$ cat upload_20.pdb   # PDB, C-alpha atoms
ATOM      1  CA  ARG N  21      10.912  11.867  -6.451
ATOM      2  CA  LYS N  22      10.665  11.287  -2.744
ATOM      3  CA  GLU N  23      10.139  14.856  -1.472
ATOM      4  CA  PRO N  24       6.372  15.035  -2.109
ATOM      5  CA  PHE N  25       6.003  11.844  -0.088
ATOM      6  CA  SER N  26       7.841  12.914   3.044
ATOM      7  CA  ARG N  27       4.717  13.585   5.126
ATOM      8  CA  LEU N  28       3.707   9.924   5.446
ATOM      9  CA  PRO N  29       5.319   9.379   8.867
ATOM     10  CA  GLU N  30       3.689  12.512  10.273
ATOM     11  CA  LYS N  31       0.285  11.666   8.812
ATOM     12  CA  LEU N  32       0.186   8.042   9.932
ATOM     13  CA  ALA N  33       1.827   8.638  13.332
ATOM     14  CA  LEU N  34       2.260   4.911  13.891
ATOM     15  CA  PRO N  35       3.966   4.012  17.186
ATOM     16  CA  THR N  36       7.421   2.383  17.137
ATOM     17  CA  THR N  37       7.486   2.527  13.335
ATOM     18  CA  ALA N  38      10.361   3.810  11.199
ATOM     19  CA  PHE N  39       9.997   5.002   7.596
ATOM     20  CA  LEU N  40      12.521   4.931   4.777
ATOM     21  CA  ILE N  41      11.496   6.838   1.621
ATOM     22  CA  LEU N  42      13.578   6.234  -1.479
ATOM     23  CA  ASN N  43      14.146   7.847  -4.853
ATOM     24  CA  ALA N  44      14.099   5.593  -7.892
ATOM     25  CA  PRO N  45      17.611   5.057  -9.327
ATOM     26  CA  GLN N  46      17.110   6.342 -12.889
ATOM     27  CA  ALA N  47      16.972  10.100 -13.466
ATOM     28  CA  LEU N  48      14.456  11.207 -16.092
ATOM     29  CA  PRO N  49      15.291  13.824 -18.747
ATOM     30  CA  GLU N  50      14.113  17.220 -17.544
ATOM     31  CA  GLU N  51      12.409  17.945 -20.883
ATOM     32  CA  LEU N  52       9.918  15.166 -20.097
ATOM     33  CA  LEU N  53       8.914  16.684 -16.777
ATOM     34  CA  ASP N  54       6.657  19.545 -15.715
ATOM     35  CA  ASP N  55       8.352  19.738 -12.315
ATOM     36  CA  PRO N  56      11.905  18.302 -12.442
ATOM     37  CA  PRO N  57      13.775  16.447 -11.139
ATOM     38  CA  GLY N  58      12.094  13.077 -11.600
ATOM     39  CA  TYR N  59      13.152   9.475 -11.330
ATOM     40  CA  SER N  60      12.096   6.107 -12.715
ATOM     41  CA  TRP N  61      12.232   2.569 -11.344
ATOM     42  CA  PHE N  62      12.434   1.050 -14.831
ATOM     43  CA  GLU N  63      12.849   2.126 -18.440
ATOM     44  CA  MET N  64       9.756   3.564 -20.080
ATOM     45  CA  ILE N  65      10.910   5.357 -23.239
ATOM     46  CA  ASP N  66      12.493   3.931 -26.373
ATOM     47  CA  GLU N  67      15.560   6.149 -26.817
ATOM     48  CA  ASP N  68      15.523   5.696 -30.614
ATOM     49  CA  THR N  69      11.857   6.485 -31.294
ATOM     50  CA  GLY N  70      10.805   8.475 -28.235
ATOM     51  CA  ASP N  71       7.776   6.188 -27.866
ATOM     52  CA  PHE N  72       6.772   4.218 -24.797
ATOM     53  CA  ILE N  73       8.287   0.741 -24.671
ATOM     54  CA  PRO N  74       5.505  -1.750 -25.515
ATOM     55  CA  ALA N  75       4.424  -4.477 -23.090
ATOM     56  CA  GLU N  76       5.219  -7.497 -25.249
ATOM     57  CA  ARG N  77       6.173 -11.048 -24.302
ATOM     58  CA  GLU N  78       9.667 -10.912 -25.824
ATOM     59  CA  GLU N  79      10.328  -7.303 -24.821
ATOM     60  CA  ARG N  80      12.977  -7.257 -22.082
ATOM     61  CA  ARG N  81      13.932  -3.615 -21.562
ATOM     62  CA  ARG N  82      11.375  -2.773 -18.906
ATOM     63  CA  ILE N  83      11.817  -6.121 -17.142
ATOM     64  CA  ASP N  84      15.623  -5.985 -17.170
ATOM     65  CA  SER N  85      15.736  -2.477 -15.737
ATOM     66  CA  LEU N  86      13.022  -3.359 -13.195
ATOM     67  CA  GLU N  87      15.031  -6.359 -12.022
ATOM     68  CA  ALA N  88      18.068  -4.121 -11.550
ATOM     69  CA  SER N  89      15.985  -1.862  -9.272
ATOM     70  CA  VAL N  90      14.626  -4.867  -7.377
ATOM     71  CA  LYS N  91      18.192  -6.043  -6.752
ATOM     72  CA  LEU N  92      19.121  -2.629  -5.330
ATOM     73  CA  LEU N  93      16.097  -2.610  -3.037
ATOM     74  CA  TRP N  94      16.824  -6.075  -1.683
ATOM     75  CA  GLN N  95      20.375  -4.914  -0.992
ATOM     76  CA  CYS N  96      18.846  -2.046   0.969
ATOM     77  CA  VAL N  97      16.706  -4.511   2.939
ATOM     78  CA  ASP N  98      19.820  -6.581   3.651
ATOM     79  CA  VAL N  99      21.552  -3.533   5.149
ATOM     80  CA  LEU N 100      18.491  -2.643   7.246
ATOM     81  CA  THR N 101      18.224  -6.150   8.671
ATOM     82  CA  ALA N 102      21.941  -6.846   9.098
ATOM     83  CA  ARG N 103      23.091  -3.481  10.462
ATOM     84  CA  CYS N 104      20.079  -1.471  11.615
ATOM     85  CA  GLY N 105      18.081  -4.015  13.578
ATOM     86  CA  TRP N 106      15.070  -4.152  11.265
ATOM     87  CA  GLN N 107      13.275  -7.502  11.002
ATOM     88  CA  HIS N 108      12.018  -8.940   7.703
ATOM     89  CA  HIS N 109       8.623  -9.840   9.159
ATOM     90  CA  GLU N 110       8.123  -6.218  10.280
ATOM     91  CA  ILE N 111       8.964  -4.542   6.948
ATOM     92  CA  PHE N 112       6.164  -3.231   4.727
ATOM     93  CA  LEU N 113       6.647  -2.117   1.143
ATOM     94  CA  PHE N 114       4.490   0.802   0.010
ATOM     95  CA  GLY N 115       4.589   2.198  -3.501
ATOM     96  CA  TYR N 116       2.661   4.429  -5.872
ATOM     97  CA  GLY N 117       2.663   3.897  -9.647
ATOM     98  CA  GLN N 118       6.072   2.602 -10.672
ATOM     99  CA  GLY N 119       7.025   2.421  -6.992
ATOM    100  CA  GLY N 120       4.152  -0.017  -6.509
ATOM    101  CA  THR N 121       5.197  -2.108  -9.496
ATOM    102  CA  VAL N 122       8.759  -2.456  -8.187
ATOM    103  CA  ALA N 123       7.421  -3.359  -4.718
ATOM    104  CA  LEU N 124       5.289  -6.114  -6.244
ATOM    105  CA  ASP N 125       8.203  -7.400  -8.278
ATOM    106  CA  MET N 126      10.263  -7.677  -5.095
ATOM    107  CA  ILE N 127       7.926 -10.418  -3.868
ATOM    108  CA  VAL N 128       7.384 -11.936  -7.327
ATOM    109  CA  ARG N 129      11.106 -12.541  -7.950
ATOM    110  CA  PRO N 130      12.937 -12.374  -4.623
ATOM    111  CA  PRO N 131      16.530 -13.533  -4.221
ATOM    112  CA  SER N 132      16.817 -17.116  -3.043
ATOM    113  CA  LYS N 133      16.379 -17.899   0.653
ATOM    114  CA  LYS N 134      14.844 -14.538   1.534
ATOM    115  CA  ASN N 135      12.681 -14.249   4.628
ATOM    116  CA  SER N 136       9.144 -13.103   4.035
ATOM    117  CA  LEU N 137       8.027  -9.510   4.626
ATOM    118  CA  ALA N 138       5.097  -8.099   6.571
ATOM    119  CA  GLY N 139       3.118  -6.957   3.543
ATOM    120  CA  VAL N 140       2.857  -4.819   0.433
ATOM    121  CA  VAL N 141       0.518  -1.898  -0.283
ATOM    122  CA  THR N 142       0.364  -0.362  -3.753
ATOM    123  CA  VAL N 143      -1.630   2.471  -5.295
ATOM    124  CA  ALA N 144      -2.271   2.706  -9.062
ATOM    125  CA  ALA N 145       0.202  -0.111  -9.735
ATOM    126  CA  GLU N 146       0.354  -3.479 -11.467
ATOM    127  CA  VAL N 147       2.555  -6.490 -12.062
ATOM    128  CA  LEU N 148       4.027  -5.699 -15.470
ATOM    129  CA  PRO N 149       2.229  -7.537 -18.319
ATOM    130  CA  GLU N 150       5.579  -8.893 -19.526
ATOM    131  CA  ARG N 151       5.975 -10.536 -16.121
ATOM    132  CA  ARG N 152       2.459 -11.949 -16.044
ATOM    133  CA  GLN N 153       2.879 -13.421 -19.531
ATOM    134  CA  LYS N 154       5.751 -15.585 -18.307
ATOM    135  CA  GLY N 155       3.477 -17.531 -15.954
ATOM    136  CA  THR N 156       3.462 -17.739 -12.175
ATOM    137  CA  GLN N 157       6.497 -18.677 -10.149
ATOM    138  CA  LYS N 158       7.430 -19.185  -6.528
ATOM    139  CA  GLY N 159       7.735 -15.863  -4.761
ATOM    140  CA  LEU N 160       7.337 -14.534  -1.244
ATOM    141  CA  PRO N 161       3.882 -15.254   0.235
ATOM    142  CA  VAL N 162       2.869 -11.970   1.902
ATOM    143  CA  PRO N 163      -0.371 -10.015   2.402
ATOM    144  CA  VAL N 164      -0.968  -7.592  -0.472
ATOM    145  CA  LEU N 165      -3.368  -4.660  -0.822
ATOM    146  CA  LEU N 166      -3.888  -3.192  -4.304
ATOM    147  CA  ILE N 167      -5.710   0.153  -4.497
ATOM    148  CA  ASN N 168      -6.692   0.999  -8.064
ATOM    149  CA  GLY N 169      -9.114   3.176  -9.976
ATOM    150  CA  ALA N 170     -11.780   2.329 -12.520
ATOM    151  CA  LEU N 171     -10.768   5.439 -14.502
ATOM    152  CA  ASP N 172      -7.006   4.877 -14.411
ATOM    153  CA  ARG N 173      -5.644   5.317 -17.958
ATOM    154  CA  CYS N 174      -2.282   3.674 -17.187
ATOM    155  CA  VAL N 175      -3.377   0.654 -15.138
ATOM    156  CA  SER N 176      -6.770  -0.555 -16.342
ATOM    157  CA  PRO N 177      -9.175  -2.441 -14.053
ATOM    158  CA  LYS N 178      -8.500  -5.547 -16.160
ATOM    159  CA  SER N 179      -4.750  -5.225 -15.617
ATOM    160  CA  ALA N 180      -5.308  -4.719 -11.886
ATOM    161  CA  GLU N 181      -7.492  -7.839 -11.752
ATOM    162  CA  GLU N 182      -4.936  -9.879 -13.696
ATOM    163  CA  SER N 183      -2.192  -8.658 -11.374
ATOM    164  CA  ALA N 184      -4.231  -9.662  -8.321
ATOM    165  CA  GLN N 185      -4.929 -13.094  -9.807
ATOM    166  CA  TYR N 186      -1.252 -13.558 -10.669
ATOM    167  CA  LEU N 187      -0.257 -12.776  -7.083
ATOM    168  CA  GLN N 188      -2.975 -15.046  -5.692
ATOM    169  CA  ASP N 189      -1.775 -17.909  -7.886
ATOM    170  CA  MET N 190       1.651 -17.438  -6.271
ATOM    171  CA  GLY N 191       0.081 -18.063  -2.865
ATOM    172  CA  ASN N 192      -0.324 -14.490  -1.644
ATOM    173  CA  ASN N 193      -3.310 -13.257   0.311
ATOM    174  CA  VAL N 194      -4.419 -10.449  -2.025
ATOM    175  CA  GLU N 195      -7.059  -7.765  -1.545
ATOM    176  CA  LEU N 196      -7.905  -5.678  -4.621
ATOM    177  CA  LYS N 197      -9.886  -2.481  -4.159
ATOM    178  CA  THR N 198     -10.956  -0.816  -7.421
ATOM    179  CA  PHE N 199     -12.819   2.419  -6.756
ATOM    180  CA  GLU N 200     -15.318   3.966  -9.151
ATOM    181  CA  GLY N 201     -14.491   7.558 -10.016
ATOM    182  CA  ARG N 202     -10.823   7.067  -9.173
ATOM    183  CA  GLY N 203      -8.068   7.566 -11.731
ATOM    184  CA  GLY N 204      -4.351   7.054 -11.292
ATOM    185  CA  GLU N 205      -3.821   9.540  -8.471
ATOM    186  CA  MET N 206      -2.235   8.903  -5.096
ATOM    187  CA  LEU N 207      -4.350   8.035  -2.047
ATOM    188  CA  ARG N 208      -7.288  10.402  -1.755
ATOM    189  CA  GLY N 209      -7.217  11.721   1.768
ATOM    190  CA  HIS N 210     -10.921  12.576   1.967
ATOM    191  CA  HIS N 211     -12.277   9.341   0.493
ATOM    192  CA  GLU N 212     -13.566   7.472   3.556
ATOM    193  CA  GLU N 213     -13.760   3.943   2.117
ATOM    194  CA  GLU N 214     -10.374   4.217   0.437
ATOM    195  CA  SER N 215      -8.773   5.490   3.618
ATOM    196  CA  ARG N 216     -10.434   2.849   5.736
ATOM    197  CA  CYS N 217      -9.273  -0.090   3.601
ATOM    198  CA  PHE N 218      -5.701   1.220   3.808
ATOM    199  CA  MET N 219      -5.751   1.739   7.563
ATOM    200  CA  THR N 220      -7.537  -1.580   8.193
ATOM    201  CA  PHE N 221      -4.860  -3.416   6.216
ATOM    202  CA  LEU N 222      -2.160  -1.787   8.344
ATOM    203  CA  SER N 223      -4.060  -2.572  11.533
ATOM    204  CA  ASP N 224      -4.500  -6.213  10.526
ATOM    205  CA  ASN N 225      -0.859  -6.726   9.625
ATOM    206  CA  LEU N 226       1.270  -4.420  11.767
ATOM    207  CA  ASN N 227       3.094  -6.261  14.525
ATOM    208  CA  GLY N 228       3.425  -4.954  18.037
ATOM    209  CA  VAL N 229       1.487  -4.711  21.271
ATOM    210  CA  GLY N 230      -1.862  -3.008  20.847
ATOM    211  CA  ARG N 231      -1.480  -2.534  17.083
ATOM    212  CA  LYS N 232      -2.512  -5.778  15.418
ATOM    213  CA  GLY N 233      -5.918  -6.613  13.992
ATOM    214  CA  SER N 234      -8.596  -4.680  15.863
ATOM    215  CA  ALA N 235     -11.217  -2.087  15.045
ATOM    216  CA  GLU N 236      -9.892  -0.060  17.987
ATOM    217  CA  ALA N 237      -6.395  -0.045  16.494
ATOM    218  CA  THR N 238      -7.778   1.153  13.163
ATOM    219  CA  ALA N 239      -9.804   3.893  14.838
ATOM    220  CA  GLN N 240      -6.850   5.085  16.886
ATOM    221  CA  ALA N 241      -4.601   5.208  13.831
ATOM    222  CA  MET N 242      -7.135   7.195  11.811
ATOM    223  CA  GLN N 243      -7.676   9.652  14.664
ATOM    224  CA  LYS N 244      -3.932  10.267  14.851
ATOM    225  CA  ILE N 245      -3.826  11.351  11.221
ATOM    226  CA  GLY N 246      -6.657  13.847  11.583
ATOM    227  CA  ALA N 247      -9.783  11.724  11.066
ATOM    228  CA  LEU N 248     -13.127  13.461  11.346
ATOM    229  CA  GLU N 249     -16.405  11.859  12.420
ATOM    230  CA  VAL N 250     -19.084  12.210   9.746
ATOM    231  CA  GLY N 251     -22.382  10.444  10.453
ATOM    232  CA  GLU N 252     -22.225   6.698   9.996
ATOM    233  CA  ALA N 253     -18.928   6.929   8.076
ATOM    234  CA  PRO N 254     -16.796   8.073  10.993
ATOM    235  CA  PHE N 255     -13.326   8.497   9.551
ATOM    236  CA  TRP N 256     -11.655  10.499   6.806
ATOM    237  CA  LEU N 257      -7.965  10.191   6.133
ATOM    238  CA  ASP N 258      -6.026  13.307   5.110
ATOM    239  CA  THR N 259      -2.772  11.990   3.682
ATOM    240  CA  GLY N 260       0.043  13.616   1.779
ATOM    241  CA  GLN N 261       1.094  12.109  -1.541
ATOM    242  CA  VAL N 262       3.498   9.564  -0.128
ATOM    243  CA  SER N 263       5.075   6.399  -1.530
ATOM    244  CA  SER N 264       8.333   4.594  -1.944
ATOM    245  CA  GLY N 265       9.196   6.933  -4.741
TER     246      GLY N 265
END
$ encode --input "upload_20.pdb" --output "structure tokens"
Amino acid sequence: RKEPFSRLPEKLALPTTAFLILNAPQALPEELLDDPPGYSWFEMIDEDTGDFIPAEREERRRIDSLEASVKLLWQCVDVLTARCGWQHHEIFLFGYGQGGTVALDMIVRPPSKKNSLAGVVTVAAEVLPERRQKGTQKGLPVPVLLINGALDRCVSPKSAEESAQYLQDMGNNVELKTFEGRGGEMLRGHHEEESRCFMTFLSDNLNGVGRKGSAEATAQAMQKIGALEVGEAPFWLDTGQVSSG
């Protein structure tokens, strides 16, 4: 759910930047959750067996429900651009876990004649294996940053690498960061290298005067979120657990 992620705007403190944090559309059964309510971007559980839906070439349940979520999110983007003054080339998608997978699928299978976006950042996410097995297709060419963990039990390093390769084959500029000692958790606020790669990606791709592509812009952004100077590794990012849901 979106509530644990609501501190992202405060933590990043990016100038002239608006944030929209969304819940996934499918409510999860409370008996599956330690801290309900919870939501899902695509089906995970076989209702007949109670087992996880397998990632198989001919299996459509996860893909079909994911595509329904992607359609809803593009409708949201349409409203933001048509009625709220947002510009496609200034919109970033940021997602954790399933939220990252749905963000990636938005650029893998966009509606026809969609303008490109500013970029995508995901944490502990992948392009679903069922999608990768279908072969590459023409998507939206955007910068992508994948942050993954070598110890992640849900998204293995191999799956992260295959996802990055799949996106690169589509024509995207992809940066994959797989950190040793990291599992499937959200951004680790006190991990300097992890924080720096995230903030550098934003600095390199955010549009606006004084914000794009400079070490100074990265340093200023990290200072605004409470960075501390520590020897030769000067910045530590203290983020809340924030994503697109």
$ atom_distance --input "upload_20.pdb" --atom1 "atom CA of N:Glu79" --atom2 "atom CA of N:Glu150"
7.3 Å
$ axis_aligned_box --input "upload_20.pdb" --around "stretch 23-41 of chain N" --padding-each-side "4 Å" --output "AutoDock Vina command-line options"
--center_x 6.4 --center_y 8.7 --center_z 7.5 --size_x 20.3 --size_y 20.7 --size_z 27.3
$ atom_distance --input "upload_20.pdb" --atom1 "atom CA of N:Val122" --atom2 "atom CA of N:Glu87"
8.3 Å
$ resolve_selection --input "upload_20.pdb" --expression "the PyMOL selection byres ((chain N and resi 190) around 12)" --output "count of residues only"
26
$ residues_around --input "upload_20.pdb" --residues "N:Glu146" --least-positions-apart "3" --cutoff "8 Å" --atoms "only C-alpha atoms" --output "list in words"
Gly117, Gly120, Thr121, Leu124, Val175, Ser179, Ala180 and Ser183 of chain N
$ write_last_selection --input "upload_20.pdb" --atoms "C-alpha atoms" --output "PDB file, in the coordinates of the input"
ATOM      1  CA  GLY N 117       2.663   3.897  -9.647  1.00  0.00           C
ATOM      2  CA  GLY N 120       4.152  -0.017  -6.509  1.00  0.00           C
ATOM      3  CA  THR N 121       5.197  -2.108  -9.496  1.00  0.00           C
ATOM      4  CA  LEU N 124       5.289  -6.114  -6.244  1.00  0.00           C
ATOM      5  CA  VAL N 175      -3.377   0.654 -15.138  1.00  0.00           C
ATOM      6  CA  SER N 179      -4.750  -5.225 -15.617  1.00  0.00           C
ATOM      7  CA  ALA N 180      -5.308  -4.719 -11.886  1.00  0.00           C
ATOM      8  CA  SER N 183      -2.192  -8.658 -11.374  1.00  0.00           C
TER       9      SER N 183
END
$ closest_residue --input "upload_20.pdb" --among "N:Leu222, N:Ile167, N:Cys174, N:Ile65" --to "N:Glu200" --atoms "all atoms listed in the file"
N:Ile167
$ resolve_selection --input "upload_20.pdb" --expression "the PyMOL selection byres ((chain N and resi 104-116) around 7)" --output "list in words"
Val99, Leu100, Thr101, Ala102, Arg103, Gly117, Gln118, Gly119, Gly120, Ala123, Asn135, Ser136, Leu137, Ala138, Gly139, Val140, Val141, Thr142, Val143, Ala144, Ala145, Met206, Asn227, Ser263, Ser264 and Gly265 of chain N
$ atom_distance --input "upload_20.pdb" --atom1 "atom CA of N:Leu171" --atom2 "atom CA of N:Pro74"
20.9 Å
$ closest_atom_pairs --input "upload_20.pdb" --of "stretch 165-225 of chain N" --to "stretch 23-46 of chain N" --cutoff "12 Å" --atoms "all atoms listed in the file" --output "JSON lines"
{"residue": "N:Met206", "atom": "CA", "partner": "N:Phe25", "partner_atom": "CA", "distance": 10.1}
{"residue": "N:Leu207", "atom": "CA", "partner": "N:Leu28", "partner_atom": "CA", "distance": 11.2}
{"residue": "N:Gly209", "atom": "CA", "partner": "N:Lys31", "partner_atom": "CA", "distance": 10.3}
{"residue": "N:Ser215", "atom": "CA", "partner": "N:Leu32", "partner_atom": "CA", "distance": 11.3}
{"residue": "N:Phe218", "atom": "CA", "partner": "N:Leu32", "partner_atom": "CA", "distance": 10.9}
{"residue": "N:Met219", "atom": "CA", "partner": "N:Leu32", "partner_atom": "CA", "distance": 9.0}
{"residue": "N:Leu222", "atom": "CA", "partner": "N:Leu34", "partner_atom": "CA", "distance": 9.8}
{"residue": "N:Ser223", "atom": "CA", "partner": "N:Leu34", "partner_atom": "CA", "distance": 10.1}
$ closest_residue --input "upload_20.pdb" --among "N:Ile83, N:Pro130, N:Glu205, N:Leu165" --to "N:Leu148" --atoms "all atoms listed in the file"
N:Ile83
$ closest_residue --input "upload_20.pdb" --among "N:Thr220, N:Asn225, N:Thr69, N:Asn168" --to "N:Gly203" --atoms "only C-alpha atoms"
N:Asn168
$ resolve_selection --input "upload_20.pdb" --expression "the PyMOL selection byres ((chain N and resi 64) around 10)" --output "number ranges by chain"
N: 48, 60-63, 65-67, 70-74, 81-82, 85
$ write_last_selection --input "upload_20.pdb" --atoms "C-alpha atoms" --output "short mmCIF file (atom, residue, chain, number, x, y, z; two decimals), keeping the file's coordinate frame"
data_model
loop_
_atom_site.label_atom_id
_atom_site.label_comp_id
_atom_site.auth_asym_id
_atom_site.auth_seq_id
_atom_site.Cartn_x
_atom_site.Cartn_y
_atom_site.Cartn_z
CA LEU N 48 14.46 11.21 -16.09
CA SER N 60 12.10 6.11 -12.72
CA TRP N 61 12.23 2.57 -11.34
CA PHE N 62 12.43 1.05 -14.83
CA GLU N 63 12.85 2.13 -18.44
CA ILE N 65 10.91 5.36 -23.24
CA ASP N 66 12.49 3.93 -26.37
CA GLU N 67 15.56 6.15 -26.82
CA GLY N 70 10.80 8.48 -28.24
CA ASP N 71 7.78 6.19 -27.87
CA PHE N 72 6.77 4.22 -24.80
CA ILE N 73 8.29 0.74 -24.67
CA PRO N 74 5.50 -1.75 -25.52
CA ARG N 81 13.93 -3.62 -21.56
CA ARG N 82 11.38 -2.77 -18.91
CA SER N 85 15.74 -2.48 -15.74
#
$ closest_residue --input "upload_20.pdb" --among "N:Gly169, N:Pro49, N:Gly58, N:Pro149" --to "N:Leu196" --atoms "all atoms listed in the file"
N:Gly169
$ build_atoms --input "upload_20.pdb" --residues "stretch 41-49 of chain N" --atoms "all heavy atoms" --output "PDB file, in the coordinates of the input"
ATOM      1  N   ILE N  41      12.096   6.421   2.896  1.00  0.00           N
ATOM      2  CA  ILE N  41      11.496   6.838   1.621  1.00  0.00           C
ATOM      3  C   ILE N  41      12.616   7.000   0.607  1.00  0.00           C
ATOM      4  O   ILE N  41      13.581   7.727   0.844  1.00  0.00           O
ATOM      5  CB  ILE N  41      10.703   8.148   1.796  1.00  0.00           C
ATOM      6  CG1 ILE N  41       9.641   7.966   2.881  1.00  0.00           C
ATOM      7  CG2 ILE N  41      10.059   8.557   0.482  1.00  0.00           C
ATOM      8  CD1 ILE N  41       8.953   9.252   3.279  1.00  0.00           C
ATOM      9  N   LEU N  42      12.479   6.340  -0.521  1.00  0.00           N
ATOM     10  CA  LEU N  42      13.578   6.234  -1.479  1.00  0.00           C
ATOM     11  C   LEU N  42      13.241   6.863  -2.819  1.00  0.00           C
ATOM     12  O   LEU N  42      12.102   6.783  -3.286  1.00  0.00           O
ATOM     13  CB  LEU N  42      13.927   4.757  -1.709  1.00  0.00           C
ATOM     14  CG  LEU N  42      14.289   3.945  -0.474  1.00  0.00           C
ATOM     15  CD1 LEU N  42      14.397   2.467  -0.833  1.00  0.00           C
ATOM     16  CD2 LEU N  42      15.600   4.436   0.121  1.00  0.00           C
ATOM     17  N   ASN N  43      14.249   7.471  -3.446  1.00  0.00           N
ATOM     18  CA  ASN N  43      14.146   7.847  -4.853  1.00  0.00           C
ATOM     19  C   ASN N  43      14.414   6.635  -5.729  1.00  0.00           C
ATOM     20  O   ASN N  43      15.213   5.759  -5.379  1.00  0.00           O
ATOM     21  CB  ASN N  43      15.174   8.924  -5.211  1.00  0.00           C
ATOM     22  CG  ASN N  43      14.681  10.321  -4.933  1.00  0.00           C
ATOM     23  OD1 ASN N  43      13.486  10.588  -4.906  1.00  0.00           O
ATOM     24  ND2 ASN N  43      15.618  11.240  -4.725  1.00  0.00           N
ATOM     25  N   ALA N  44      13.759   6.596  -6.888  1.00  0.00           N
ATOM     26  CA  ALA N  44      14.099   5.593  -7.892  1.00  0.00           C
ATOM     27  C   ALA N  44      15.504   5.880  -8.427  1.00  0.00           C
ATOM     28  O   ALA N  44      15.986   7.012  -8.380  1.00  0.00           O
ATOM     29  CB  ALA N  44      13.074   5.601  -9.016  1.00  0.00           C
ATOM     30  N   PRO N  45      16.200   4.878  -8.966  1.00  0.00           N
ATOM     31  CA  PRO N  45      17.611   5.057  -9.327  1.00  0.00           C
ATOM     32  C   PRO N  45      17.858   5.750 -10.650  1.00  0.00           C
ATOM     33  O   PRO N  45      18.960   6.257 -10.878  1.00  0.00           O
ATOM     34  CB  PRO N  45      18.132   3.611  -9.381  1.00  0.00           C
ATOM     35  CG  PRO N  45      16.940   2.795  -9.716  1.00  0.00           C
ATOM     36  CD  PRO N  45      15.780   3.464  -9.049  1.00  0.00           C
ATOM     37  N   GLN N  46      16.866   5.800 -11.554  1.00  0.00           N
ATOM     38  CA  GLN N  46      17.110   6.342 -12.889  1.00  0.00           C
ATOM     39  C   GLN N  46      16.549   7.756 -13.004  1.00  0.00           C
ATOM     40  O   GLN N  46      15.346   7.967 -12.851  1.00  0.00           O
ATOM     41  CB  GLN N  46      16.456   5.453 -13.951  1.00  0.00           C
ATOM     42  CG  GLN N  46      16.963   4.018 -13.958  1.00  0.00           C
ATOM     43  CD  GLN N  46      16.292   3.182 -15.027  1.00  0.00           C
ATOM     44  OE1 GLN N  46      15.777   3.698 -16.018  1.00  0.00           O
ATOM     45  NE2 GLN N  46      16.291   1.872 -14.839  1.00  0.00           N
ATOM     46  N   ALA N  47      17.419   8.715 -13.280  1.00  0.00           N
ATOM     47  CA  ALA N  47      16.972  10.100 -13.466  1.00  0.00           C
ATOM     48  C   ALA N  47      16.293  10.247 -14.818  1.00  0.00           C
ATOM     49  O   ALA N  47      16.772   9.722 -15.836  1.00  0.00           O
ATOM     50  CB  ALA N  47      18.157  11.044 -13.362  1.00  0.00           C
ATOM     51  N   LEU N  48      15.174  10.965 -14.844  1.00  0.00           N
ATOM     52  CA  LEU N  48      14.456  11.207 -16.092  1.00  0.00           C
ATOM     53  C   LEU N  48      14.930  12.503 -16.741  1.00  0.00           C
ATOM     54  O   LEU N  48      15.288  13.465 -16.042  1.00  0.00           O
ATOM     55  CB  LEU N  48      12.955  11.298 -15.815  1.00  0.00           C
ATOM     56  CG  LEU N  48      12.261  10.001 -15.363  1.00  0.00           C
ATOM     57  CD1 LEU N  48      10.839  10.304 -14.919  1.00  0.00           C
ATOM     58  CD2 LEU N  48      12.264   8.973 -16.484  1.00  0.00           C
ATOM     59  N   PRO N  49      14.926  12.574 -18.064  1.00  0.00           N
ATOM     60  CA  PRO N  49      15.291  13.824 -18.747  1.00  0.00           C
ATOM     61  C   PRO N  49      14.354  14.956 -18.328  1.00  0.00           C
ATOM     62  O   PRO N  49      13.126  14.777 -18.275  1.00  0.00           O
ATOM     63  CB  PRO N  49      15.122  13.477 -20.231  1.00  0.00           C
ATOM     64  CG  PRO N  49      15.219  11.983 -20.305  1.00  0.00           C
ATOM     65  CD  PRO N  49      14.631  11.482 -19.025  1.00  0.00           C
TER      66      PRO N  49
END
